file coords_6.cif (mmCIF, N, CA and C atoms and all ligand atoms)
data_my_file
loop_
_atom_site.label_atom_id
_atom_site.label_comp_id
_atom_site.auth_asym_id
_atom_site.auth_seq_id
_atom_site.Cartn_x
_atom_site.Cartn_y
_atom_site.Cartn_z
N MET U 1 55.85 -26.97 -38.99
CA MET U 1 54.68 -26.95 -38.11
C MET U 1 54.80 -28.05 -37.05
N SER U 2 54.39 -27.73 -35.81
CA SER U 2 54.54 -28.73 -34.76
C SER U 2 53.47 -29.81 -34.88
N GLU U 3 53.73 -30.90 -34.22
CA GLU U 3 52.81 -32.04 -34.22
C GLU U 3 51.50 -31.64 -33.54
N PRO U 4 50.36 -32.22 -33.96
CA PRO U 4 49.12 -31.97 -33.23
C PRO U 4 49.24 -32.49 -31.80
N SER U 5 48.54 -31.84 -30.89
CA SER U 5 48.57 -32.29 -29.50
C SER U 5 47.82 -33.61 -29.37
N ILE U 6 48.03 -34.27 -28.23
CA ILE U 6 47.31 -35.51 -27.95
C ILE U 6 45.79 -35.28 -28.02
N PHE U 7 45.35 -34.10 -27.58
CA PHE U 7 43.91 -33.82 -27.56
C PHE U 7 43.37 -33.66 -28.99
N THR U 8 44.12 -32.98 -29.83
CA THR U 8 43.70 -32.83 -31.23
C THR U 8 43.65 -34.18 -31.91
N ARG U 9 44.59 -35.04 -31.57
CA ARG U 9 44.59 -36.38 -32.19
C ARG U 9 43.37 -37.18 -31.76
N ILE U 10 42.92 -36.99 -30.52
CA ILE U 10 41.69 -37.65 -30.08
C ILE U 10 40.49 -37.07 -30.85
N LEU U 11 40.43 -35.74 -30.94
CA LEU U 11 39.33 -35.09 -31.66
C LEU U 11 39.28 -35.58 -33.11
N ASP U 12 40.45 -35.75 -33.71
CA ASP U 12 40.51 -36.17 -35.12
C ASP U 12 40.29 -37.67 -35.30
N GLY U 13 40.14 -38.40 -34.19
CA GLY U 13 39.89 -39.83 -34.28
C GLY U 13 41.12 -40.67 -34.53
N GLU U 14 42.30 -40.04 -34.39
CA GLU U 14 43.55 -40.79 -34.63
C GLU U 14 43.85 -41.73 -33.49
N ILE U 15 43.49 -41.30 -32.28
CA ILE U 15 43.65 -42.18 -31.12
C ILE U 15 42.33 -42.18 -30.35
N PRO U 16 42.06 -43.28 -29.63
CA PRO U 16 40.76 -43.39 -28.99
C PRO U 16 40.57 -42.40 -27.84
N GLY U 17 39.34 -42.03 -27.64
CA GLY U 17 38.98 -41.14 -26.54
C GLY U 17 37.48 -40.94 -26.57
N GLU U 18 36.90 -40.74 -25.39
CA GLU U 18 35.45 -40.57 -25.33
C GLU U 18 35.12 -39.09 -25.37
N ILE U 19 34.59 -38.64 -26.49
CA ILE U 19 34.22 -37.24 -26.64
C ILE U 19 32.80 -37.05 -26.10
N LEU U 20 32.67 -36.24 -25.06
CA LEU U 20 31.38 -36.06 -24.40
C LEU U 20 30.61 -34.88 -24.95
N LEU U 21 31.32 -33.94 -25.55
CA LEU U 21 30.67 -32.71 -26.02
C LEU U 21 31.55 -32.12 -27.12
N GLU U 22 30.92 -31.57 -28.13
CA GLU U 22 31.67 -30.87 -29.18
C GLU U 22 30.84 -29.71 -29.69
N THR U 23 31.44 -28.53 -29.73
CA THR U 23 30.80 -27.36 -30.34
C THR U 23 31.74 -26.88 -31.45
N ASP U 24 31.41 -25.73 -32.03
CA ASP U 24 32.29 -25.18 -33.08
C ASP U 24 33.68 -24.88 -32.52
N ASP U 25 33.75 -24.55 -31.22
CA ASP U 25 34.99 -24.01 -30.66
C ASP U 25 35.69 -24.90 -29.65
N VAL U 26 34.93 -25.75 -28.97
CA VAL U 26 35.51 -26.53 -27.87
C VAL U 26 35.02 -27.97 -27.93
N PHE U 27 35.75 -28.83 -27.21
CA PHE U 27 35.29 -30.21 -27.06
C PHE U 27 35.69 -30.71 -25.68
N ALA U 28 35.10 -31.83 -25.30
CA ALA U 28 35.35 -32.37 -23.95
C ALA U 28 35.56 -33.87 -24.05
N ILE U 29 36.57 -34.35 -23.31
CA ILE U 29 36.87 -35.79 -23.27
C ILE U 29 37.04 -36.22 -21.82
N ARG U 30 36.78 -37.50 -21.56
CA ARG U 30 37.09 -38.03 -20.23
C ARG U 30 38.60 -38.15 -20.08
N ASP U 31 39.11 -37.78 -18.89
CA ASP U 31 40.53 -37.93 -18.63
C ASP U 31 40.86 -39.42 -18.54
N ILE U 32 41.99 -39.81 -19.13
CA ILE U 32 42.39 -41.22 -19.15
C ILE U 32 42.79 -41.70 -17.75
N ASN U 33 43.12 -40.78 -16.88
CA ASN U 33 43.60 -41.11 -15.53
C ASN U 33 42.81 -40.30 -14.50
N PRO U 34 41.53 -40.67 -14.32
CA PRO U 34 40.64 -39.80 -13.54
C PRO U 34 41.07 -39.63 -12.09
N GLN U 35 40.97 -38.40 -11.62
CA GLN U 35 41.31 -38.06 -10.23
C GLN U 35 40.07 -37.79 -9.40
N ALA U 36 38.90 -38.01 -9.97
CA ALA U 36 37.62 -37.79 -9.28
C ALA U 36 36.59 -38.65 -10.00
N PRO U 37 35.45 -38.91 -9.36
CA PRO U 37 34.42 -39.72 -10.04
C PRO U 37 34.03 -39.16 -11.41
N LEU U 38 33.96 -37.85 -11.52
CA LEU U 38 33.84 -37.21 -12.84
C LEU U 38 35.11 -36.41 -13.07
N HIS U 39 35.83 -36.73 -14.13
CA HIS U 39 37.05 -35.99 -14.48
C HIS U 39 37.08 -35.87 -15.99
N VAL U 40 36.75 -34.68 -16.44
CA VAL U 40 36.63 -34.40 -17.88
C VAL U 40 37.55 -33.24 -18.22
N LEU U 41 38.12 -33.28 -19.39
CA LEU U 41 38.95 -32.18 -19.89
C LEU U 41 38.16 -31.41 -20.94
N VAL U 42 38.09 -30.10 -20.77
CA VAL U 42 37.43 -29.24 -21.77
C VAL U 42 38.52 -28.44 -22.46
N ILE U 43 38.48 -28.46 -23.79
CA ILE U 43 39.64 -28.04 -24.59
C ILE U 43 39.16 -27.19 -25.77
N PRO U 44 39.80 -26.06 -26.03
CA PRO U 44 39.48 -25.35 -27.27
C PRO U 44 39.99 -26.16 -28.47
N LYS U 45 39.27 -26.10 -29.57
CA LYS U 45 39.78 -26.80 -30.76
C LYS U 45 41.08 -26.18 -31.24
N SER U 46 41.20 -24.87 -31.10
CA SER U 46 42.42 -24.18 -31.49
C SER U 46 43.56 -24.56 -30.55
N GLU U 47 44.73 -24.78 -31.12
CA GLU U 47 45.92 -25.04 -30.30
C GLU U 47 46.73 -23.77 -30.07
N GLN U 48 46.12 -22.63 -30.36
CA GLN U 48 46.86 -21.37 -30.33
C GLN U 48 47.40 -21.02 -28.94
N PHE U 49 46.69 -21.45 -27.90
CA PHE U 49 47.04 -21.02 -26.54
C PHE U 49 47.57 -22.19 -25.72
N ARG U 50 48.69 -21.96 -25.05
CA ARG U 50 49.34 -23.03 -24.27
C ARG U 50 48.71 -23.20 -22.90
N ASP U 51 48.22 -22.12 -22.32
CA ASP U 51 47.67 -22.20 -20.96
C ASP U 51 46.61 -21.12 -20.79
N VAL U 52 45.96 -21.13 -19.62
CA VAL U 52 44.80 -20.24 -19.46
C VAL U 52 45.22 -18.77 -19.38
N THR U 53 46.45 -18.51 -18.96
CA THR U 53 46.91 -17.12 -18.94
C THR U 53 46.93 -16.55 -20.36
N GLU U 54 47.48 -17.33 -21.28
CA GLU U 54 47.49 -16.90 -22.68
C GLU U 54 46.07 -16.81 -23.24
N LEU U 55 45.24 -17.77 -22.89
CA LEU U 55 43.87 -17.79 -23.41
C LEU U 55 43.09 -16.57 -22.92
N ALA U 56 43.20 -16.26 -21.64
CA ALA U 56 42.46 -15.13 -21.07
C ALA U 56 42.89 -13.82 -21.72
N ALA U 57 44.19 -13.69 -21.99
CA ALA U 57 44.69 -12.46 -22.59
C ALA U 57 44.34 -12.40 -24.08
N GLY U 58 44.38 -13.55 -24.74
CA GLY U 58 44.26 -13.56 -26.20
C GLY U 58 42.85 -13.71 -26.73
N ASP U 59 41.99 -14.41 -25.98
CA ASP U 59 40.63 -14.65 -26.48
C ASP U 59 39.70 -14.92 -25.31
N PRO U 60 39.37 -13.85 -24.56
CA PRO U 60 38.51 -14.06 -23.38
C PRO U 60 37.15 -14.65 -23.73
N ALA U 61 36.65 -14.39 -24.91
CA ALA U 61 35.35 -14.97 -25.28
C ALA U 61 35.46 -16.49 -25.39
N LEU U 62 36.59 -16.96 -25.87
CA LEU U 62 36.80 -18.41 -25.96
C LEU U 62 36.93 -19.01 -24.56
N LEU U 63 37.55 -18.30 -23.64
CA LEU U 63 37.62 -18.77 -22.26
C LEU U 63 36.21 -18.88 -21.67
N ALA U 64 35.36 -17.92 -21.97
CA ALA U 64 33.98 -17.98 -21.48
C ALA U 64 33.26 -19.20 -22.07
N LYS U 65 33.53 -19.51 -23.32
CA LYS U 65 32.92 -20.71 -23.93
C LYS U 65 33.40 -21.99 -23.25
N LEU U 66 34.67 -21.98 -22.86
CA LEU U 66 35.23 -23.14 -22.16
C LEU U 66 34.51 -23.35 -20.82
N VAL U 67 34.29 -22.25 -20.11
CA VAL U 67 33.60 -22.35 -18.82
C VAL U 67 32.14 -22.79 -19.03
N ALA U 68 31.50 -22.27 -20.06
CA ALA U 68 30.11 -22.68 -20.34
C ALA U 68 30.06 -24.17 -20.66
N ALA U 69 31.04 -24.67 -21.37
CA ALA U 69 31.08 -26.10 -21.68
C ALA U 69 31.30 -26.92 -20.42
N ALA U 70 32.12 -26.42 -19.51
CA ALA U 70 32.33 -27.12 -18.23
C ALA U 70 31.02 -27.22 -17.47
N LYS U 71 30.25 -26.16 -17.48
CA LYS U 71 28.95 -26.18 -16.80
C LYS U 71 28.00 -27.19 -17.45
N ARG U 72 28.04 -27.27 -18.76
CA ARG U 72 27.18 -28.26 -19.45
C ARG U 72 27.58 -29.68 -19.07
N ILE U 73 28.89 -29.92 -18.98
CA ILE U 73 29.36 -31.24 -18.56
C ILE U 73 28.85 -31.55 -17.16
N ALA U 74 28.96 -30.58 -16.26
CA ALA U 74 28.49 -30.79 -14.89
C ALA U 74 26.98 -31.01 -14.85
N ASP U 75 26.24 -30.30 -15.68
CA ASP U 75 24.79 -30.49 -15.72
C ASP U 75 24.45 -31.90 -16.21
N ASP U 76 25.21 -32.37 -17.18
CA ASP U 76 24.89 -33.67 -17.80
C ASP U 76 25.44 -34.86 -17.02
N HIS U 77 26.51 -34.67 -16.27
CA HIS U 77 27.20 -35.83 -15.68
C HIS U 77 27.40 -35.72 -14.17
N ALA U 78 27.03 -34.59 -13.58
CA ALA U 78 27.12 -34.42 -12.12
C ALA U 78 25.83 -33.72 -11.69
N ASN U 79 25.90 -32.96 -10.66
CA ASN U 79 24.70 -32.29 -10.15
C ASN U 79 24.69 -30.81 -10.51
N GLY U 80 25.45 -30.46 -11.54
CA GLY U 80 25.52 -29.07 -11.96
C GLY U 80 26.63 -28.29 -11.29
N GLU U 81 27.28 -28.95 -10.30
CA GLU U 81 28.37 -28.27 -9.59
C GLU U 81 29.69 -28.89 -10.04
N TYR U 82 30.72 -28.09 -10.04
CA TYR U 82 31.98 -28.60 -10.59
C TYR U 82 33.16 -27.81 -10.05
N ARG U 83 34.31 -28.46 -10.07
CA ARG U 83 35.58 -27.80 -9.76
C ARG U 83 36.35 -27.67 -11.07
N LEU U 84 36.90 -26.50 -11.30
CA LEU U 84 37.63 -26.22 -12.54
C LEU U 84 39.09 -25.99 -12.19
N ILE U 85 39.96 -26.74 -12.81
CA ILE U 85 41.40 -26.61 -12.54
C ILE U 85 42.15 -26.40 -13.85
N PHE U 86 43.03 -25.42 -13.82
CA PHE U 86 43.97 -25.23 -14.93
C PHE U 86 45.37 -25.37 -14.36
N ASN U 87 46.15 -26.25 -14.89
CA ASN U 87 47.57 -26.30 -14.54
C ASN U 87 48.31 -25.39 -15.51
N ASN U 88 49.16 -24.55 -14.95
CA ASN U 88 49.85 -23.56 -15.78
C ASN U 88 51.34 -23.64 -15.53
N GLY U 89 52.00 -24.53 -16.28
CA GLY U 89 53.44 -24.68 -16.15
C GLY U 89 53.82 -26.07 -15.68
N ALA U 90 54.98 -26.51 -16.16
CA ALA U 90 55.45 -27.87 -15.86
C ALA U 90 55.65 -28.08 -14.37
N SER U 91 56.05 -27.04 -13.64
CA SER U 91 56.33 -27.22 -12.21
C SER U 91 55.07 -27.43 -11.39
N VAL U 92 53.89 -27.15 -11.97
CA VAL U 92 52.62 -27.43 -11.28
C VAL U 92 51.85 -28.52 -12.03
N ALA U 93 52.61 -29.36 -12.74
CA ALA U 93 52.08 -30.60 -13.32
C ALA U 93 51.35 -30.42 -14.64
N GLN U 94 51.52 -29.29 -15.32
CA GLN U 94 50.98 -29.24 -16.69
C GLN U 94 51.85 -30.13 -17.57
N SER U 95 51.21 -31.02 -18.29
CA SER U 95 51.96 -31.94 -19.16
C SER U 95 51.59 -31.77 -20.63
N VAL U 96 50.42 -31.21 -20.90
CA VAL U 96 49.99 -30.99 -22.29
C VAL U 96 49.83 -29.48 -22.48
N PHE U 97 50.61 -28.94 -23.42
CA PHE U 97 50.65 -27.48 -23.58
C PHE U 97 49.72 -27.03 -24.71
N HIS U 98 48.51 -27.53 -24.62
CA HIS U 98 47.35 -27.12 -25.41
C HIS U 98 46.29 -26.88 -24.33
N VAL U 99 45.96 -25.61 -24.12
CA VAL U 99 45.19 -25.25 -22.91
C VAL U 99 43.96 -26.15 -22.74
N HIS U 100 43.74 -26.55 -21.49
CA HIS U 100 42.59 -27.40 -21.17
C HIS U 100 42.20 -27.17 -19.71
N ALA U 101 40.91 -27.29 -19.47
CA ALA U 101 40.39 -27.20 -18.10
C ALA U 101 40.06 -28.59 -17.62
N HIS U 102 40.46 -28.89 -16.39
CA HIS U 102 40.03 -30.13 -15.75
C HIS U 102 38.70 -29.84 -15.05
N VAL U 103 37.66 -30.57 -15.41
CA VAL U 103 36.36 -30.44 -14.75
C VAL U 103 36.19 -31.64 -13.84
N LEU U 104 36.12 -31.37 -12.53
CA LEU U 104 35.95 -32.45 -11.55
C LEU U 104 34.56 -32.33 -10.95
N GLY U 105 33.93 -33.49 -10.73
CA GLY U 105 32.60 -33.47 -10.14
C GLY U 105 32.30 -34.75 -9.41
N ASN U 106 31.14 -34.75 -8.75
CA ASN U 106 30.69 -35.90 -7.96
C ASN U 106 31.71 -36.27 -6.88
N LEU U 107 32.36 -35.27 -6.32
CA LEU U 107 33.37 -35.52 -5.30
C LEU U 107 32.69 -36.02 -4.02
N GLU U 108 33.32 -36.98 -3.41
CA GLU U 108 32.69 -37.59 -2.25
C GLU U 108 32.88 -36.76 -0.98
N GLU U 109 33.98 -36.03 -0.94
CA GLU U 109 34.22 -35.19 0.24
C GLU U 109 34.56 -33.79 -0.24
N ASN U 110 34.26 -32.83 0.59
CA ASN U 110 34.50 -31.45 0.20
C ASN U 110 35.91 -31.03 0.59
N LYS U 111 36.88 -31.67 -0.07
CA LYS U 111 38.28 -31.34 0.19
C LYS U 111 38.77 -30.38 -0.86
N LEU U 112 39.72 -29.54 -0.50
CA LEU U 112 40.25 -28.60 -1.48
C LEU U 112 41.11 -29.33 -2.51
N VAL U 113 41.86 -30.31 -2.06
CA VAL U 113 42.74 -31.06 -2.96
C VAL U 113 42.35 -32.53 -2.87
N GLY U 114 42.30 -33.18 -4.00
CA GLY U 114 42.03 -34.61 -4.03
C GLY U 114 40.56 -34.94 -4.03
P1 LIG X 1 47.81 -31.50 -17.44
O1 LIG X 1 48.69 -32.27 -16.51
O2 LIG X 1 48.56 -31.05 -18.68
O3 LIG X 1 47.05 -30.38 -16.78
O4 LIG X 1 46.67 -32.50 -17.89
C1 LIG X 1 46.79 -33.41 -18.93
C2 LIG X 1 45.78 -34.47 -18.70
O5 LIG X 1 45.64 -35.22 -19.90
C3 LIG X 1 46.16 -35.48 -17.60
O6 LIG X 1 45.19 -35.45 -16.56
C4 LIG X 1 46.18 -36.83 -18.33
O7 LIG X 1 45.66 -37.88 -17.56
C5 LIG X 1 45.36 -36.55 -19.58
N1 LIG X 1 45.76 -37.36 -20.71
C6 LIG X 1 47.03 -37.57 -21.16
N2 LIG X 1 47.02 -38.37 -22.23
C7 LIG X 1 45.72 -38.68 -22.47
C8 LIG X 1 45.07 -39.49 -23.45
O8 LIG X 1 45.68 -40.09 -24.34
N3 LIG X 1 43.71 -39.56 -23.39
C9 LIG X 1 42.99 -38.90 -22.43
N4 LIG X 1 41.65 -39.05 -22.47
N5 LIG X 1 43.57 -38.13 -21.49
C10 LIG X 1 44.92 -38.02 -21.51
#
call {"tool": "encode", "arguments": {"input": "coords_6.cif", "output": "structure tokens"}}
result
Amino acid sequence: MSEPSIFTRILDGEIPGEILLETDDVFAIRDINPQAPLHVLVIPKSEQFRDVTELAAGDPALLAKLVAAAKRIADDHANGEYRLIFNNGASVAQSVFHVHAHVLGNLEENKLVG
């Protein structure tokens, strides 16, 4: 069996991390290297899916729960509005192959990138 992902280790309390939300299926942590005033990762507890393409095909209901959790994060920590980013593949900067959504909020300028 493969090693737990960095995110699972945070959820399990093995390494530090600020858990902002936890449900039966998903959890949310602050990104250690924030790219926006609000930068939170929303993650399924299951490590079954490597990226959002697999998640959408394999468990669309879980993807919907991920999006609902992103909205809750934005409601609680921003103004209810949020940018959702999924990196899918190493060549577009995915580094953790346990699917996760980047939730960005409180952006100072309305730029597409950054
Ligand atoms: P990816 O590049 O795979 O889409 O995103 C992985 C994200 O995980 C990165 O934004 C990175 O900053 C974040 N990250 C990596 N290691 C840790 C960690 O130990 N704790 C937290 N909170 N975030 C991490």
call {"tool": "atom_distance", "arguments": {"input": "coords_6.cif", "atom1": "atom CA of Glu47 of chain U", "atom2": "atom N of Glu81 of chain U"}}
result
27.6 Å
call {"tool": "residues_near_point", "arguments": {"input": "coords_6.cif", "point": "(37.8, -24.0, -24.9)", "cutoff": "6 Å", "atoms": "all atoms listed in the file", "output": "list in words"}}
result
Asp25, Val26, Phe27, Val42, Ile43, Pro44, Lys45, Leu62, Leu63, Lys65 and Leu66 of chain U
call {"tool": "atom_distance", "arguments": {"input": "coords_6.cif", "atom1": "atom N of Arg50 of chain U", "atom2": "atom CA of Ala74 of chain U"}}
result
24.3 Å
call {"tool": "atom_distance", "arguments": {"input": "coords_6.cif", "atom1": "atom CA of Val40 of chain U", "atom2": "atom CA of Ser2 of chain U"}}
result
25.3 Å
call {"tool": "closest_atom_pairs", "arguments": {"input": "coords_6.cif", "of": "chain U", "to": "ligand LIG 1 (chain X)", "cutoff": "7 Å", "atoms": "all atoms listed in the file", "output": "tab-separated table"}}
result
residue	atom	partner	partner_atom	distance
U:Ile6	CA	X:LIG1	O8	6.1
U:Phe7	N	X:LIG1	C8	6.8
U:Pro16	C	X:LIG1	N3	6.1
U:Gly17	CA	X:LIG1	N4	5.3
U:Glu18	N	X:LIG1	N4	5.8
U:Ile29	C	X:LIG1	N4	5.4
U:Arg30	C	X:LIG1	N4	4.0
U:Asp31	C	X:LIG1	N4	4.0
U:Ile32	N	X:LIG1	N5	3.3
U:Asn33	N	X:LIG1	O7	3.9
U:Pro34	N	X:LIG1	O7	5.9
U:Ile85	C	X:LIG1	O3	7.0
U:Phe86	C	X:LIG1	O3	5.8
U:Asn87	N	X:LIG1	O3	4.6
U:Asn88	N	X:LIG1	O3	6.5
U:Val92	C	X:LIG1	O1	6.6
U:Ala93	C	X:LIG1	O1	3.7
U:Gln94	C	X:LIG1	O2	3.6
U:Ser95	N	X:LIG1	O2	2.7
U:Val96	N	X:LIG1	O2	2.9
U:Phe97	N	X:LIG1	O2	5.6
U:His98	N	X:LIG1	O2	6.9
U:His100	C	X:LIG1	O3	6.5
U:His102	N	X:LIG1	O3	6.8
call {"tool": "write_last_selection", "arguments": {"input": "coords_6.cif", "atoms": "N, CA and C atoms", "output": "PDB file, in the coordinates of the input"}}
result
ATOM      1  N   ILE U   6      48.030 -34.270 -28.230  1.00  0.00           N
ATOM      2  CA  ILE U   6      47.310 -35.510 -27.950  1.00  0.00           C
ATOM      3  C   ILE U   6      45.790 -35.280 -28.020  1.00  0.00           C
ATOM      4  N   PHE U   7      45.350 -34.100 -27.580  1.00  0.00           N
ATOM      5  CA  PHE U   7      43.910 -33.820 -27.560  1.00  0.00           C
ATOM      6  C   PHE U   7      43.370 -33.660 -28.990  1.00  0.00           C
ATOM      7  N   PRO U  16      42.060 -43.280 -29.630  1.00  0.00           N
ATOM      8  CA  PRO U  16      40.760 -43.390 -28.990  1.00  0.00           C
ATOM      9  C   PRO U  16      40.570 -42.400 -27.840  1.00  0.00           C
ATOM     10  N   GLY U  17      39.340 -42.030 -27.640  1.00  0.00           N
ATOM     11  CA  GLY U  17      38.980 -41.140 -26.540  1.00  0.00           C
ATOM     12  C   GLY U  17      37.480 -40.940 -26.570  1.00  0.00           C
ATOM     13  N   GLU U  18      36.900 -40.740 -25.390  1.00  0.00           N
ATOM     14  CA  GLU U  18      35.450 -40.570 -25.330  1.00  0.00           C
ATOM     15  C   GLU U  18      35.120 -39.090 -25.370  1.00  0.00           C
ATOM     16  N   ILE U  29      36.570 -34.350 -23.310  1.00  0.00           N
ATOM     17  CA  ILE U  29      36.870 -35.790 -23.270  1.00  0.00           C
ATOM     18  C   ILE U  29      37.040 -36.220 -21.820  1.00  0.00           C
ATOM     19  N   ARG U  30      36.780 -37.500 -21.560  1.00  0.00           N
ATOM     20  CA  ARG U  30      37.090 -38.030 -20.230  1.00  0.00           C
ATOM     21  C   ARG U  30      38.600 -38.150 -20.080  1.00  0.00           C
ATOM     22  N   ASP U  31      39.110 -37.780 -18.890  1.00  0.00           N
ATOM     23  CA  ASP U  31      40.530 -37.930 -18.630  1.00  0.00           C
ATOM     24  C   ASP U  31      40.860 -39.420 -18.540  1.00  0.00           C
ATOM     25  N   ILE U  32      41.990 -39.810 -19.130  1.00  0.00           N
ATOM     26  CA  ILE U  32      42.390 -41.220 -19.150  1.00  0.00           C
ATOM     27  C   ILE U  32      42.790 -41.700 -17.750  1.00  0.00           C
ATOM     28  N   ASN U  33      43.120 -40.780 -16.880  1.00  0.00           N
ATOM     29  CA  ASN U  33      43.600 -41.110 -15.530  1.00  0.00           C
ATOM     30  C   ASN U  33      42.810 -40.300 -14.500  1.00  0.00           C
ATOM     31  N   PRO U  34      41.530 -40.670 -14.320  1.00  0.00           N
ATOM     32  CA  PRO U  34      40.640 -39.800 -13.540  1.00  0.00           C
ATOM     33  C   PRO U  34      41.070 -39.630 -12.090  1.00  0.00           C
ATOM     34  N   ILE U  85      39.960 -26.740 -12.810  1.00  0.00           N
ATOM     35  CA  ILE U  85      41.400 -26.610 -12.540  1.00  0.00           C
ATOM     36  C   ILE U  85      42.150 -26.400 -13.850  1.00  0.00           C
ATOM     37  N   PHE U  86      43.030 -25.420 -13.820  1.00  0.00           N
ATOM     38  CA  PHE U  86      43.970 -25.230 -14.930  1.00  0.00           C
ATOM     39  C   PHE U  86      45.370 -25.370 -14.360  1.00  0.00           C
ATOM     40  N   ASN U  87      46.150 -26.250 -14.890  1.00  0.00           N
ATOM     41  CA  ASN U  87      47.570 -26.300 -14.540  1.00  0.00           C
ATOM     42  C   ASN U  87      48.310 -25.390 -15.510  1.00  0.00           C
ATOM     43  N   ASN U  88      49.160 -24.550 -14.950  1.00  0.00           N
ATOM     44  CA  ASN U  88      49.850 -23.560 -15.780  1.00  0.00           C
ATOM     45  C   ASN U  88      51.340 -23.640 -15.530  1.00  0.00           C
ATOM     46  N   VAL U  92      53.890 -27.150 -11.970  1.00  0.00           N
ATOM     47  CA  VAL U  92      52.620 -27.430 -11.280  1.00  0.00           C
ATOM     48  C   VAL U  92      51.850 -28.520 -12.030  1.00  0.00           C
ATOM     49  N   ALA U  93      52.610 -29.360 -12.740  1.00  0.00           N
ATOM     50  CA  ALA U  93      52.080 -30.600 -13.320  1.00  0.00           C
ATOM     51  C   ALA U  93      51.350 -30.420 -14.640  1.00  0.00           C
ATOM     52  N   GLN U  94      51.520 -29.290 -15.320  1.00  0.00           N
ATOM     53  CA  GLN U  94      50.980 -29.240 -16.690  1.00  0.00           C
ATOM     54  C   GLN U  94      51.850 -30.130 -17.570  1.00  0.00           C
ATOM     55  N   SER U  95      51.210 -31.020 -18.290  1.00  0.00           N
ATOM     56  CA  SER U  95      51.960 -31.940 -19.160  1.00  0.00           C
ATOM     57  C   SER U  95      51.590 -31.770 -20.630  1.00  0.00           C
ATOM     58  N   VAL U  96      50.420 -31.210 -20.900  1.00  0.00           N
ATOM     59  CA  VAL U  96      49.990 -30.990 -22.290  1.00  0.00           C
ATOM     60  C   VAL U  96      49.830 -29.480 -22.480  1.00  0.00           C
ATOM     61  N   PHE U  97      50.610 -28.940 -23.420  1.00  0.00           N
ATOM     62  CA  PHE U  97      50.650 -27.480 -23.580  1.00  0.00           C
ATOM     63  C   PHE U  97      49.720 -27.030 -24.710  1.00  0.00           C
ATOM     64  N   HIS U  98      48.510 -27.530 -24.620  1.00  0.00           N
ATOM     65  CA  HIS U  98      47.350 -27.120 -25.410  1.00  0.00           C
ATOM     66  C   HIS U  98      46.290 -26.880 -24.330  1.00  0.00           C
ATOM     67  N   HIS U 100      43.740 -26.550 -21.490  1.00  0.00           N
ATOM     68  CA  HIS U 100      42.590 -27.400 -21.170  1.00  0.00           C
ATOM     69  C   HIS U 100      42.200 -27.170 -19.710  1.00  0.00           C
ATOM     70  N   HIS U 102      40.460 -28.890 -16.390  1.00  0.00           N
ATOM     71  CA  HIS U 102      40.030 -30.130 -15.750  1.00  0.00           C
ATOM     72  C   HIS U 102      38.700 -29.840 -15.050  1.00  0.00           C
TER      73      HIS U 102
END
call {"tool": "closest_residue", "arguments": {"input": "coords_6.cif", "among": "U:Ala36, U:Ala90, U:Val67, U:Leu84", "to": "Glu108 of chain U", "atoms": "all atoms listed in the file"}}
result
U:Ala36
call {"tool": "select_by_dssp", "arguments": {"input": "coords_6.cif", "residues": "chain U", "states": "alpha helix (DSSP H)", "output": "VMD selection string"}}
result
chain U and resid 6 to 11 52 to 58 60 to 77
call {"tool": "closest_residue", "arguments": {"input": "coords_6.cif", "among": "U:Leu11, U:Ala28, U:Ile19, U:Ala57", "to": "Arg72 of chain U", "atoms": "only C-alpha atoms"}}
result
U:Ala28
call {"tool": "axis_aligned_box", "arguments": {"input": "coords_6.cif", "around": "segment 19-38 of chain U", "padding_each_side": "5 Å", "output": "lines of an AutoDock Vina configuration file"}}
result
center_x = 37.1
center_y = -32.9
center_z = -21.2
size_x = 23.0
size_y = 27.7
size_z = 33.8
call {"tool": "select_by_dssp", "arguments": {"input": "coords_6.cif", "residues": "chain U", "states": "strand (DSSP E)", "output": "count of residues only"}}
result
24
